[in-house]
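Here is the structure we will look at.
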Amino acid sequence: MLKSLVSPPKLEIFAEEIEKRNVIAQRYSDGLRGHALRVPTIMDGIVSTWAQYTIEVSDSAALKQKGIPTARYYSKPVHMQTAYKDYPVSGNGLSMTEDCIDKVVALPMHAYLDEDTQDMIIETAKAALA
């Protein structure tokens with residue numbers, strides 16, 4: 001009886017969680033393509049674990065104003081961090097990276113987001129990005 005109350009070890013459910021994350025990511029991509037400036041793409045034959053689902057938007061504040069929790073995991077690109085200050089950046093720098101610093105945000109992502117919550121995130125994001 002006690003065993004049924006205990007969560008299975010993470011490695012036993014890891015593959016299933018990755019599958020669920022990929023389904024959610026596909027739903028996000030299908031729903032937000034054409035609304036966000038850019039949605040993530042995965043090359044054929046590759047499986048992502050979707051630690052984050054990050055989109056590029058013109059106005060990240062609009063998502064928060066509409067109640068969509070977002071995160072900016074890497075607010076400072078690697079080439080701008082202190083540890084890399086002495087490493088050269090070729091040519092004219094990394095203008096594309098620097099241009100999207102304030103435009104990339106991660107949407108809620110975990111294997112247990114139910115479809116109603118996914119739909120709410122997608123629809124609210126679409127409205128905020130309109």
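Labels for the structure tokens follow display order: chains A, B, ..., residues from 1 in each chain, ligands from 1.
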If you run DSSP on the backbone, which residues of chain A are alpha helix (DSSP H), as a PyMOL selection string?
chain A and resi 2-5+10-32+60-65+95-99+115-129
Using only C-alpha atoms, which residues sit within 8 Å of Ile18 in chain A once same-chain residues fewer than 5 positions away are excluded, as a ChimeraX atom specification?
/A:48-50,111
With all heavy atoms retained, could you export that selection as an mmCIF file, in the first residue's frame?
```
data_model
loop_
_atom_site.group_PDB
_atom_site.id
_atom_site.type_symbol
_atom_site.label_atom_id
_atom_site.label_comp_id
_atom_site.auth_asym_id
_atom_site.auth_seq_id
_atom_site.Cartn_x
_atom_site.Cartn_y
_atom_site.Cartn_z
ATOM 1 N N SER A 48 14.431 16.858 -28.145
ATOM 2 C CA SER A 48 14.750 17.854 -27.129
ATOM 3 C C SER A 48 14.138 17.440 -25.801
ATOM 4 O O SER A 48 13.062 16.840 -25.761
ATOM 5 C CB SER A 48 14.207 19.223 -27.530
ATOM 6 O OG SER A 48 14.448 20.162 -26.497
ATOM 7 N N THR A 49 14.799 17.791 -24.718
ATOM 8 C CA THR A 49 14.227 17.568 -23.391
ATOM 9 C C THR A 49 13.393 18.765 -22.961
ATOM 10 O O THR A 49 12.713 18.699 -21.952
ATOM 11 C CB THR A 49 15.325 17.322 -22.344
ATOM 12 O OG1 THR A 49 16.194 18.454 -22.314
ATOM 13 C CG2 THR A 49 16.095 16.054 -22.655
ATOM 14 N N TRP A 50 13.450 19.844 -23.715
ATOM 15 C CA TRP A 50 12.675 21.053 -23.459
ATOM 16 C C TRP A 50 12.791 21.508 -22.010
ATOM 17 O O TRP A 50 11.799 21.653 -21.301
ATOM 18 C CB TRP A 50 11.211 20.875 -23.860
ATOM 19 C CG TRP A 50 11.043 20.709 -25.325
ATOM 20 C CD1 TRP A 50 10.760 19.538 -25.980
ATOM 21 C CD2 TRP A 50 11.190 21.706 -26.333
ATOM 22 N NE1 TRP A 50 10.724 19.757 -27.337
ATOM 23 C CE2 TRP A 50 10.987 21.087 -27.581
ATOM 24 C CE3 TRP A 50 11.479 23.064 -26.301
ATOM 25 C CZ2 TRP A 50 11.047 21.767 -28.779
ATOM 26 C CZ3 TRP A 50 11.546 23.753 -27.506
ATOM 27 C CH2 TRP A 50 11.332 23.099 -28.718
ATOM 28 N N ALA A 111 6.279 18.630 -17.770
ATOM 29 C CA ALA A 111 5.551 17.490 -18.329
ATOM 30 C C ALA A 111 4.104 17.392 -17.863
ATOM 31 O O ALA A 111 3.315 16.660 -18.450
ATOM 32 C CB ALA A 111 6.291 16.200 -17.992
#
```
Test item: residues at most 8 Å from Ser75 in chain A, only C-alpha atoms, excluding those fewer than 2 positions along its chain, as a PyMOL selection string:
chain A and resi 72-73+77+101-102
Shortest interatomic distance to Pro40 in chain A - which of A:Ile68, A:Met120, A:Ala106, A:Ala127, counting only C-alpha atoms
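The answer is A:Ala106, which sits nearest to Pro40 in chain A.
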Residue contacts of Asn22 in chain A (12 Å, only C-alpha atoms) excluding same-chain residues fewer than 4 positions away, as JSON, numbers by chain:
{"A": [15, 16, 17, 18, 26, 27, 28, 29, 40, 41, 42, 46, 47, 48, 49, 50, 51, 52, 53, 109, 110, 111, 112, 113]}
Could you give me, as a list in words, each residue of range 53-126 of chain A that DSSP assigns to strand (DSSP E) when run on this structure's backbone?
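Here are the strand (DSSP E) residues of range 53-126 of chain A: Tyr53, Thr54, Ile55, Glu56, Val104, Val105, Ala106 and Leu107 of chain A.
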